$ cat upload-v1.cif   # mmCIF, C-alpha atoms and all ligand atoms
data_final
#
loop_
_atom_site.label_atom_id
_atom_site.label_comp_id
_atom_site.auth_asym_id
_atom_site.auth_seq_id
_atom_site.Cartn_x
_atom_site.Cartn_y
_atom_site.Cartn_z
CA MET A 1 -15.40 9.15 -18.24
CA LYS A 2 -12.93 6.28 -18.59
CA VAL A 3 -12.33 4.39 -15.33
CA VAL A 4 -8.62 3.85 -14.70
CA LYS A 5 -7.66 0.50 -13.21
CA ASP A 6 -4.68 0.66 -10.85
CA LYS A 7 -1.60 -1.37 -11.68
CA GLY A 8 -1.85 -3.52 -8.56
CA VAL A 9 -0.12 -6.88 -8.24
CA GLU A 10 -1.92 -8.74 -11.03
CA GLY A 11 0.44 -11.15 -12.78
CA LYS A 12 3.34 -10.43 -10.45
CA VAL A 13 5.41 -13.39 -9.31
CA CYS A 14 5.67 -13.09 -5.54
CA VAL A 15 7.81 -15.16 -3.19
CA VAL A 16 6.60 -15.19 0.41
CA THR A 17 8.42 -16.59 3.44
CA GLY A 18 6.53 -17.33 6.66
CA ALA A 19 3.45 -17.84 4.47
CA THR A 20 1.82 -20.47 6.66
CA GLY A 21 2.03 -18.10 9.66
CA VAL A 22 -0.86 -15.97 10.85
CA LEU A 23 -0.02 -12.70 9.07
CA CYS A 24 1.55 -13.92 5.84
CA SER A 25 -1.02 -16.65 5.15
CA SER A 26 -3.58 -13.86 5.10
CA ILE A 27 -1.37 -11.68 2.88
CA THR A 28 -0.77 -14.64 0.54
CA GLU A 29 -4.49 -15.18 0.15
CA ASP A 30 -5.00 -11.49 -0.54
CA LEU A 31 -2.26 -11.48 -3.21
CA LEU A 32 -3.86 -14.47 -4.94
CA ARG A 33 -7.25 -12.72 -4.86
CA HIS A 34 -5.62 -9.79 -6.64
CA GLY A 35 -4.21 -11.96 -9.41
CA ALA A 36 -0.62 -12.48 -8.24
CA LYS A 37 1.25 -15.76 -8.63
CA VAL A 38 2.68 -16.82 -5.29
CA ALA A 39 5.50 -19.17 -4.35
CA ILE A 40 5.51 -19.86 -0.63
CA LEU A 41 8.70 -21.01 1.08
CA VAL A 42 8.01 -23.32 3.98
CA ARG A 43 9.80 -25.63 6.38
CA ARG A 44 6.96 -28.17 6.54
CA MET A 45 5.37 -29.28 3.29
CA ASP A 46 2.37 -30.88 5.09
CA ALA A 47 1.31 -27.49 6.53
CA ALA A 48 1.76 -25.90 3.10
CA GLU A 49 -0.29 -28.60 1.37
CA ASP A 50 -3.20 -28.09 3.79
CA PHE A 51 -3.03 -24.35 3.18
CA ILE A 52 -2.95 -24.79 -0.60
CA LYS A 53 -5.94 -27.17 -0.48
CA LYS A 54 -7.95 -24.62 1.50
CA LEU A 55 -7.07 -21.90 -1.02
CA ALA A 56 -7.97 -24.16 -3.96
CA LYS A 57 -11.47 -24.62 -2.47
CA LYS A 58 -11.81 -20.84 -2.75
CA GLY A 59 -10.68 -20.96 -6.40
CA LEU A 60 -7.20 -19.60 -5.63
CA LYS A 61 -4.76 -21.83 -7.48
CA GLN A 62 -1.82 -19.76 -8.71
CA ILE A 63 0.35 -20.92 -5.83
CA ILE A 64 3.22 -23.34 -5.34
CA ALA A 65 5.03 -24.40 -2.16
CA LEU A 66 8.76 -24.96 -1.95
CA LYS A 67 10.66 -26.32 0.99
CA ALA A 68 13.25 -23.88 2.33
CA ASP A 69 14.36 -22.76 5.74
CA VAL A 70 15.17 -19.04 5.53
CA LEU A 71 18.54 -19.74 7.17
CA ASP A 72 19.54 -22.34 4.55
CA LYS A 73 21.04 -20.56 1.53
CA PRO A 74 21.40 -23.62 -0.73
CA ALA A 75 17.73 -24.51 -0.11
CA LEU A 76 16.73 -20.91 -0.93
CA GLU A 77 18.75 -21.08 -4.15
CA GLU A 78 17.03 -24.31 -5.12
CA ALA A 79 13.65 -22.73 -4.41
CA CYS A 80 14.58 -19.70 -6.51
CA ALA A 81 15.58 -21.94 -9.42
CA ALA A 82 12.21 -23.71 -9.13
CA VAL A 83 10.32 -20.38 -9.24
CA LEU A 84 12.29 -19.25 -12.29
CA LYS A 85 11.65 -22.59 -14.00
CA LYS A 86 7.90 -22.30 -13.39
CA TRP A 87 7.24 -18.59 -13.90
CA LYS A 88 10.48 -17.29 -15.53
CA ARG A 89 10.84 -14.32 -13.17
CA VAL A 90 10.65 -13.07 -9.61
CA ASP A 91 8.96 -9.67 -9.11
CA VAL A 92 8.40 -9.56 -5.37
CA LEU A 93 9.93 -10.97 -2.20
CA ILE A 94 8.03 -10.76 1.09
CA ASN A 95 10.16 -11.66 4.10
CA GLY A 96 7.51 -12.75 6.58
CA ALA A 97 9.36 -15.53 8.38
CA GLY A 98 10.45 -14.37 11.78
CA GLY A 99 9.21 -13.78 15.25
CA ASN A 100 10.02 -13.76 18.88
CA HIS A 101 10.82 -16.71 21.15
CA PRO A 102 10.51 -17.21 24.92
CA LYS A 103 14.25 -18.05 24.96
CA GLY A 104 15.02 -14.45 23.95
CA THR A 105 12.52 -12.87 26.38
CA THR A 106 13.04 -11.72 29.97
CA PRO A 107 10.14 -12.59 32.32
CA ALA A 108 10.75 -9.37 34.30
CA GLU A 109 10.08 -5.99 32.70
CA GLN A 110 12.70 -4.17 34.74
CA MET A 111 15.61 -5.03 36.98
CA THR A 112 14.47 -4.14 40.47
CA LYS A 113 15.76 -5.09 43.90
CA GLY A 114 14.53 -8.52 44.92
CA VAL A 115 13.69 -9.72 41.41
CA LYS A 116 15.29 -13.06 40.54
CA LEU A 117 18.41 -12.51 38.43
CA GLU A 118 17.42 -15.30 36.03
CA ASP A 119 14.21 -13.39 35.23
CA THR A 120 16.14 -10.35 34.03
CA PHE A 121 18.56 -9.48 31.26
CA PHE A 122 21.23 -11.34 33.24
CA GLY A 123 19.31 -14.58 32.79
CA LEU A 124 19.21 -14.36 29.00
CA THR A 125 21.33 -16.98 27.28
CA THR A 126 23.47 -16.11 24.29
CA ASP A 127 21.67 -18.97 22.65
CA GLY A 128 18.25 -17.31 23.09
CA PHE A 129 19.50 -13.89 21.94
CA GLU A 130 21.25 -15.45 18.96
CA PHE A 131 18.27 -17.56 17.91
CA VAL A 132 15.95 -14.55 17.66
CA ASN A 133 18.51 -12.36 15.90
CA LYS A 134 19.50 -15.04 13.46
CA LEU A 135 15.94 -15.98 12.52
CA ASN A 136 14.80 -12.39 11.98
CA LEU A 137 17.88 -10.65 10.58
CA ILE A 138 19.79 -13.39 8.77
CA GLY A 139 16.43 -14.93 7.80
CA THR A 140 15.76 -11.66 5.93
CA VAL A 141 19.26 -11.08 4.55
CA LEU A 142 19.64 -14.52 2.93
CA PRO A 143 16.33 -14.53 1.01
CA CYS A 144 17.19 -10.98 -0.20
CA GLN A 145 20.57 -12.19 -1.42
CA VAL A 146 19.06 -15.06 -3.33
CA PHE A 147 15.83 -13.58 -4.72
CA CYS A 148 17.05 -10.03 -5.44
CA LYS A 149 19.70 -11.59 -7.67
CA ALA A 150 16.83 -13.01 -9.72
CA MET A 151 15.33 -9.49 -9.92
CA LEU A 152 18.45 -7.87 -11.36
CA LYS A 153 17.19 -8.26 -14.93
CA ASN A 154 13.66 -6.84 -14.59
CA GLY A 155 13.67 -4.99 -11.27
CA GLY A 156 11.34 -5.84 -8.41
CA ALA A 157 10.22 -5.08 -4.89
CA VAL A 158 11.03 -6.43 -1.44
CA LEU A 159 8.88 -6.12 1.67
CA ASN A 160 10.54 -6.85 5.01
CA PHE A 161 8.62 -7.51 8.21
CA CYS A 162 9.70 -5.14 10.95
CA SER A 163 7.89 -4.31 14.21
CA MET A 164 7.02 -1.57 16.68
CA ALA A 165 9.87 -3.03 18.73
CA GLY A 166 12.25 -1.93 15.97
CA TYR A 167 11.26 1.74 16.38
CA GLN A 168 10.90 1.81 20.11
CA PRO A 169 12.30 -0.88 22.42
CA LEU A 170 9.60 -2.83 24.24
CA THR A 171 10.25 -4.31 27.66
CA LYS A 172 11.01 -8.05 27.87
CA VAL A 173 11.78 -8.56 24.17
CA GLY A 174 15.23 -7.00 23.88
CA ALA A 175 16.54 -9.60 21.46
CA TYR A 176 13.52 -9.28 19.18
CA GLY A 177 13.64 -5.46 19.23
CA ALA A 178 17.33 -5.46 18.38
CA ALA A 179 16.70 -7.83 15.47
CA LYS A 180 13.79 -5.80 14.10
CA ALA A 181 15.72 -2.52 14.41
CA ALA A 182 18.49 -4.19 12.46
CA ILE A 183 16.00 -5.20 9.76
CA MET A 184 14.81 -1.59 9.44
CA ASN A 185 18.40 -0.41 9.07
CA PHE A 186 19.16 -3.19 6.58
CA THR A 187 16.01 -2.26 4.61
CA SER A 188 17.35 1.27 4.08
CA PHE A 189 20.82 -0.03 3.26
CA LEU A 190 19.58 -2.47 0.65
CA ALA A 191 17.14 0.06 -0.80
CA THR A 192 20.08 2.38 -1.49
CA HIS A 193 22.29 -0.40 -2.76
CA LEU A 194 19.79 -1.82 -5.24
CA ALA A 195 18.00 1.38 -6.35
CA PRO A 196 20.03 1.68 -9.58
CA MET A 197 18.79 -1.79 -10.56
CA GLY A 198 15.10 -0.86 -10.23
CA ILE A 199 14.69 -2.94 -7.09
CA ARG A 200 12.78 -1.24 -4.28
CA VAL A 201 13.14 -2.40 -0.67
CA ASN A 202 10.62 -1.36 1.96
CA GLY A 203 9.42 -2.56 5.32
CA ILE A 204 6.09 -2.94 7.05
CA ALA A 205 5.88 -2.61 10.83
CA PRO A 206 2.76 -4.25 12.20
CA GLY A 207 1.51 -3.01 15.54
CA PHE A 208 0.01 -5.66 17.81
CA PHE A 209 -1.76 -8.63 16.27
CA ILE A 210 -2.54 -11.74 18.29
CA THR A 211 -0.38 -14.45 16.75
CA ASN A 212 1.64 -17.50 17.77
CA GLN A 213 4.71 -15.54 18.75
CA ASN A 214 3.06 -13.10 21.17
CA ARG A 215 -0.05 -14.92 22.45
CA PHE A 216 1.80 -15.89 25.63
CA LEU A 217 2.61 -12.22 26.27
CA MET A 218 -0.81 -10.71 25.46
CA LEU A 219 -3.39 -13.22 26.66
CA GLU A 220 -3.79 -15.35 29.77
CA LYS A 221 -3.97 -19.13 29.40
CA ASP A 222 -7.77 -18.96 28.81
CA GLY A 223 -6.94 -17.27 25.48
CA LYS A 224 -9.34 -14.37 26.15
CA THR A 225 -8.36 -12.35 29.19
CA LEU A 226 -5.70 -9.72 28.57
CA THR A 227 -2.48 -10.04 30.53
CA PRO A 228 -1.30 -6.85 32.28
CA ARG A 229 0.98 -6.38 29.26
CA GLY A 230 -1.93 -6.90 26.85
CA ASN A 231 -3.85 -4.20 28.74
CA LYS A 232 -0.90 -1.82 28.46
CA VAL A 233 -0.71 -2.38 24.70
CA ILE A 234 -4.38 -1.59 24.23
CA ALA A 235 -4.04 1.48 26.46
CA LYS A 236 -1.21 2.77 24.23
CA THR A 237 -3.04 2.02 20.97
CA PRO A 238 -5.31 4.99 20.18
CA MET A 239 -7.66 2.71 18.18
CA ARG A 240 -8.01 0.57 21.36
CA LYS A 241 -7.79 -2.82 19.66
CA PHE A 242 -5.38 -5.40 18.28
CA GLY A 243 -4.93 -5.49 14.50
CA GLN A 244 -6.50 -8.12 12.27
CA PRO A 245 -4.30 -9.72 9.60
CA SER A 246 -6.49 -8.15 6.89
CA ASP A 247 -5.46 -4.71 8.22
CA LEU A 248 -2.08 -5.34 6.57
CA HIS A 249 -3.40 -6.19 3.11
CA GLY A 250 -3.64 -2.74 1.58
CA ALA A 251 -0.30 -1.54 2.93
CA ALA A 252 1.53 -4.66 1.77
CA ARG A 253 -0.02 -4.64 -1.71
CA PHE A 254 0.66 -0.93 -2.12
CA LEU A 255 4.33 -1.14 -1.18
CA ILE A 256 5.06 -4.01 -3.58
CA SER A 257 2.98 -2.63 -6.45
CA ASP A 258 4.05 -0.17 -9.12
CA GLU A 259 1.81 2.40 -7.39
CA ALA A 260 4.74 2.79 -4.98
CA SER A 261 7.28 3.08 -7.79
CA PHE A 262 9.14 6.06 -6.20
CA ILE A 263 9.06 4.72 -2.65
CA THR A 264 12.05 2.84 -1.32
CA GLY A 265 13.85 2.43 1.99
CA VAL A 266 10.87 3.20 4.23
CA THR A 267 9.18 1.13 6.90
CA LEU A 268 5.46 1.77 7.15
CA PRO A 269 3.78 1.34 10.55
CA VAL A 270 0.36 -0.36 10.47
CA ASP A 271 -0.36 -0.05 14.15
CA GLY A 272 -3.65 1.65 15.05
CA GLY A 273 -1.58 4.68 16.10
CA PHE A 274 0.66 2.89 18.66
CA LEU A 275 3.78 4.67 17.44
CA CYS A 276 2.35 8.18 17.33
CA TYR A 277 0.90 8.09 20.87
CA SER A 278 3.18 8.75 23.82
CA GLY A 279 0.68 7.25 26.27
CA VAL A 280 -0.21 10.66 27.71
N1 LIG B 301 2.11 -10.78 15.36
C1 LIG B 301 2.45 -9.55 15.55
O1 LIG B 301 1.81 -8.81 16.32
C2 LIG B 301 3.63 -8.99 14.84
C3 LIG B 301 3.96 -7.67 15.08
C4 LIG B 301 5.04 -7.14 14.42
C5 LIG B 301 5.78 -7.91 13.56
N2 LIG B 301 5.46 -9.20 13.34
C6 LIG B 301 6.30 -9.94 12.39
O2 LIG B 301 5.50 -10.39 11.32
C7 LIG B 301 6.06 -11.58 10.77
C8 LIG B 301 5.00 -12.66 10.72
O3 LIG B 301 4.58 -12.92 12.03
P1 LIG B 301 3.35 -13.85 12.45
O4 LIG B 301 2.79 -13.20 13.64
O5 LIG B 301 2.51 -14.17 11.28
O6 LIG B 301 4.15 -15.12 12.95
P2 LIG B 301 3.82 -16.67 12.90
O7 LIG B 301 4.61 -17.27 13.99
O8 LIG B 301 2.36 -16.93 12.80
O9 LIG B 301 4.48 -17.06 11.50
C9 LIG B 301 5.85 -17.09 11.31
C10 LIG B 301 6.13 -18.01 10.14
O10 LIG B 301 7.54 -18.07 9.95
C11 LIG B 301 7.90 -19.42 9.72
N3 LIG B 301 9.29 -19.65 10.10
C12 LIG B 301 9.83 -19.56 11.33
N4 LIG B 301 11.14 -19.87 11.31
C13 LIG B 301 11.42 -20.15 10.00
C14 LIG B 301 12.59 -20.55 9.32
N5 LIG B 301 13.76 -20.70 9.97
N6 LIG B 301 12.52 -20.76 7.99
C15 LIG B 301 11.35 -20.60 7.33
N7 LIG B 301 10.20 -20.23 7.90
C16 LIG B 301 10.24 -20.02 9.23
C17 LIG B 301 6.94 -20.23 10.58
O11 LIG B 301 6.86 -21.57 10.15
C18 LIG B 301 5.64 -19.45 10.36
O12 LIG B 301 5.02 -19.89 9.18
C19 LIG B 301 7.25 -11.94 11.68
O13 LIG B 301 8.43 -11.44 11.10
C20 LIG B 301 6.95 -11.19 12.94
O14 LIG B 301 8.10 -10.91 13.68
C21 LIG B 301 4.40 -9.77 13.97
#
$ encode --input "upload-v1.cif" --output "structure tokens"
Amino acid sequence: MKVVKDKGVEGKVCVVTGATGVLCSSITEDLLRHGAKVAILVRRMDAAEDFIKKLAKKGLKQIIALKADVLDKPALEEACAAVLKKWKRVDVLINGAGGNHPKGTTPAEQMTKGVKLEDTFFGLTTDGFEFVNKLNLIGTVLPCQVFCKAMLKNGGAVLNFCSMAGYQPLTKVGAYGAAKAAIMNFTSFLATHLAPMGIRVNGIAPGFFITNQNRFLMLEKDGKTLTPRGNKVIAKTPMRKFGQPSDLHGAARFLISDEASFITGVTLPVDGGFLCYSGV
């Protein structure tokens, strides 16, 4: 019997934002291991160079780093031109840059009598709310505008990073939830808009992974003990654990590969069951 090899991501030119972060550095390494060529867009070249050196030691060398803030359209355009010059095409865009920020977070879960006003929704600054929304939503829209244009000739695939907070508001992180819900909506919009051009647009919604953006919410200062919120998350996750970055690999590779050629506009939860469990 002939063994059929799946189409995978081998040879695909992938652009990844947020690639020095916890989740997308892991995804980048996985893509390289599966034969993709990866251009990472970063704000700090020194962090990217360290990352690339570490990958090279593992024999993973089909990677370049380009400096671009996801909110800076001219820089994104320059990065896109550099990718086209090097590899002649863009097949995949992964929008991993994003995250929450204490400035957009309310210390109190609910408004109750006696709670300090500044710890509630009323203490949120427009600045904090705007920062989180701009980074996540506009930081997804602009790379799509730039890199999907480069896909118009050959088609391609986009993967946007959403969140549980986009499906179901979480306490404290109202700005982040609003931004991620907007990304899910935008994902469906763009999927419809670009479908005739052979460009698919999907999302991935990680459950809870301990990373830079949420460590302060999940773990006490000792870095080990769960906060009351961390305990609640585990209690509502049927698999009773946080995710590991590698838990995202298969889902991400599938959605951007030709194996998912008739899938567009969806956001796939990778969450240990968090979304399906009501808590009762
Ligand atoms: N960690 C989780 O549990 C979790 C859950 C759901 C969704 N997510 C989402 O997954 C994505 C990756 O998260 P992570 O946990 O790896 O975060 P992270 O903080 O480790 O990495 C985020 C990356 O984005 C980059 N970045 C931030 N602002 C940028 C800008 N303006 N321009 C360019 N790059 C910028 C950072 O430098 C960093 O490399 C984010 O969109 C996040 O919201 C994370």
$ closest_atom_pairs --input "upload-v1.cif" --of "chain A" --to "ligand LIG 301 (chain B)" --cutoff "9 Å" --atoms "all atoms listed in the file" --output "tab-separated table"
residue	atom	partner	partner_atom	distance
A:Thr17	CA	B:LIG301	N7	6.0
A:Gly18	CA	B:LIG301	O10	3.5
A:Ala19	CA	B:LIG301	O12	5.4
A:Thr20	CA	B:LIG301	O12	4.1
A:Gly21	CA	B:LIG301	O9	3.2
A:Val22	CA	B:LIG301	O5	3.8
A:Leu23	CA	B:LIG301	O5	3.7
A:Cys24	CA	B:LIG301	O5	5.5
A:Ser25	CA	B:LIG301	O5	7.5
A:Ser26	CA	B:LIG301	O5	8.7
A:Leu41	CA	B:LIG301	C15	6.8
A:Val42	CA	B:LIG301	N7	5.5
A:Arg43	CA	B:LIG301	C15	5.3
A:Arg44	CA	B:LIG301	O11	7.5
A:Ala47	CA	B:LIG301	O12	8.9
A:Lys67	CA	B:LIG301	C15	8.6
A:Ala68	CA	B:LIG301	C15	6.3
A:Asp69	CA	B:LIG301	N6	3.5
A:Val70	CA	B:LIG301	N6	4.0
A:Leu71	CA	B:LIG301	N5	5.6
A:Asp72	CA	B:LIG301	N6	8.0
A:Asn95	CA	B:LIG301	O13	7.2
A:Gly96	CA	B:LIG301	C7	4.6
A:Ala97	CA	B:LIG301	O10	3.5
A:Gly98	CA	B:LIG301	O13	3.6
A:Gly99	CA	B:LIG301	O14	3.5
A:Asn100	CA	B:LIG301	O14	6.2
A:Lys134	CA	B:LIG301	N5	8.8
A:Leu135	CA	B:LIG301	N5	5.8
A:Asn136	CA	B:LIG301	O13	6.5
A:Gly139	CA	B:LIG301	N5	6.7
A:Thr140	CA	B:LIG301	O13	9.0
A:Asn160	CA	B:LIG301	O13	7.9
A:Phe161	CA	B:LIG301	O13	4.9
A:Cys162	CA	B:LIG301	C5	5.5
A:Ser163	CA	B:LIG301	C4	4.0
A:Met164	CA	B:LIG301	C4	6.3
A:Ala165	CA	B:LIG301	C4	7.7
A:Tyr176	CA	B:LIG301	O14	7.9
A:Lys180	CA	B:LIG301	O14	7.7
A:Ile204	CA	B:LIG301	C5	8.2
A:Ala205	CA	B:LIG301	C4	5.8
A:Pro206	CA	B:LIG301	C4	4.3
A:Gly207	CA	B:LIG301	C3	5.3
A:Phe208	CA	B:LIG301	O1	3.9
A:Phe209	CA	B:LIG301	O1	3.6
A:Ile210	CA	B:LIG301	N1	5.6
A:Thr211	CA	B:LIG301	O4	4.6
A:Asn212	CA	B:LIG301	O7	4.8
A:Gln213	CA	B:LIG301	O7	5.1
A:Asn214	CA	B:LIG301	N1	6.3
A:Arg215	CA	B:LIG301	N1	8.5
A:Phe242	CA	B:LIG301	O1	8.2
A:Gly243	CA	B:LIG301	O1	7.7
A:Pro245	CA	B:LIG301	O5	8.3
A:Asp271	CA	B:LIG301	C3	8.8
$ residues_around --input "upload-v1.cif" --residues "Phe186 in chain A" --least-positions-apart "3" --cutoff "10 Å" --atoms "all atoms listed in the file" --output "count of residues only"
16
$ closest_residue --input "upload-v1.cif" --among "A:Arg240, A:Thr105, A:Val13, A:Ile234" --to "Phe147 in chain A" --atoms "all atoms listed in the file"
A:Val13
$ residues_around --input "upload-v1.cif" --residues "Ala195 in chain A" --least-positions-apart "2" --cutoff "12 Å" --atoms "all atoms listed in the file" --output "ChimeraX atom specification"
/A:148,151-152,155-158,187-193,197-202,261-265
$ residues_around --input "upload-v1.cif" --residues "range 111-125 of chain A" --least-positions-apart "4" --cutoff "12 Å" --atoms "only C-alpha atoms" --output "compact mmCIF listing (two decimals) with C-alpha atoms, in the coordinates of the input"
# COMPACT_ATOMS: atom_id res chain seq x y z
CA HIS A 101 10.82 -16.71 21.15
CA PRO A 102 10.51 -17.21 24.92
CA LYS A 103 14.25 -18.05 24.96
CA GLY A 104 15.02 -14.45 23.95
CA THR A 105 12.52 -12.87 26.38
CA THR A 106 13.04 -11.72 29.97
CA PRO A 107 10.14 -12.59 32.32
CA PHE A 129 19.50 -13.89 21.94
CA GLU A 130 21.25 -15.45 18.96
CA PHE A 131 18.27 -17.56 17.91
CA VAL A 132 15.95 -14.55 17.66
CA THR A 171 10.25 -4.31 27.66
CA LYS A 172 11.01 -8.05 27.87
CA VAL A 173 11.78 -8.56 24.17
CA GLY A 174 15.23 -7.00 23.88
CA ALA A 175 16.54 -9.60 21.46
$ residues_around --input "upload-v1.cif" --residues "Arg33 in chain A" --least-positions-apart "3" --cutoff "12 Å" --atoms "only C-alpha atoms" --output "list in words"
Gly8, Val9, Glu10, Gly11, Ser26, Ile27, Thr28, Glu29, Asp30, Ala36, Lys37, Val38, Leu55, Ala56, Lys58, Gly59, Leu60, Lys61, Gln62, Ile63, His249 and Arg253 of chain A
$ atom_distance --input "upload-v1.cif" --atom1 "CA of Leu217 in chain A" --atom2 "CA of Gly230 in chain A"
7.0 Å
$ closest_residue --input "upload-v1.cif" --among "A:Met45, A:Val146, A:Ala39, A:Ile138" --to "Glu78 in chain A" --atoms "only C-alpha atoms"
A:Val146
$ atom_distance --input "upload-v1.cif" --atom1 "CA of Tyr277 in chain A" --atom2 "CA of Phe216 in chain A"
24.5 Å
$ closest_residue --input "upload-v1.cif" --among "A:Met218, A:Gly250, A:Gly223, A:Tyr167" --to "Phe274 in chain A" --atoms "only C-alpha atoms"
A:Tyr167
$ atom_distance --input "upload-v1.cif" --atom1 "CA of Leu255 in chain A" --atom2 "CA of Gly272 in chain A"
18.3 Å
$ residues_around --input "upload-v1.cif" --residues "Cys80 in chain A" --least-positions-apart "4" --cutoff "10 Å" --atoms "all atoms listed in the file" --output "list in words"
Val15, Ala39, Leu41, Leu66, Ala68, Pro74, Ala75, Leu76, Leu84, Lys85, Lys86, Arg89, Val90, Pro143, Val146, Phe147, Lys149 and Ala150 of chain A
$ write_last_selection --input "upload-v1.cif" --atoms "C-alpha atoms" --output "mmCIF file, in the frame of the given file"
data_model
loop_
_atom_site.group_PDB
_atom_site.id
_atom_site.type_symbol
_atom_site.label_atom_id
_atom_site.label_comp_id
_atom_site.auth_asym_id
_atom_site.auth_seq_id
_atom_site.Cartn_x
_atom_site.Cartn_y
_atom_site.Cartn_z
ATOM 1 C CA VAL A 15 7.810 -15.160 -3.190
ATOM 2 C CA ALA A 39 5.500 -19.170 -4.350
ATOM 3 C CA LEU A 41 8.700 -21.010 1.080
ATOM 4 C CA LEU A 66 8.760 -24.960 -1.950
ATOM 5 C CA ALA A 68 13.250 -23.880 2.330
ATOM 6 C CA PRO A 74 21.400 -23.620 -0.730
ATOM 7 C CA ALA A 75 17.730 -24.510 -0.110
ATOM 8 C CA LEU A 76 16.730 -20.910 -0.930
ATOM 9 C CA LEU A 84 12.290 -19.250 -12.290
ATOM 10 C CA LYS A 85 11.650 -22.590 -14.000
ATOM 11 C CA LYS A 86 7.900 -22.300 -13.390
ATOM 12 C CA ARG A 89 10.840 -14.320 -13.170
ATOM 13 C CA VAL A 90 10.650 -13.070 -9.610
ATOM 14 C CA PRO A 143 16.330 -14.530 1.010
ATOM 15 C CA VAL A 146 19.060 -15.060 -3.330
ATOM 16 C CA PHE A 147 15.830 -13.580 -4.720
ATOM 17 C CA LYS A 149 19.700 -11.590 -7.670
ATOM 18 C CA ALA A 150 16.830 -13.010 -9.720
#
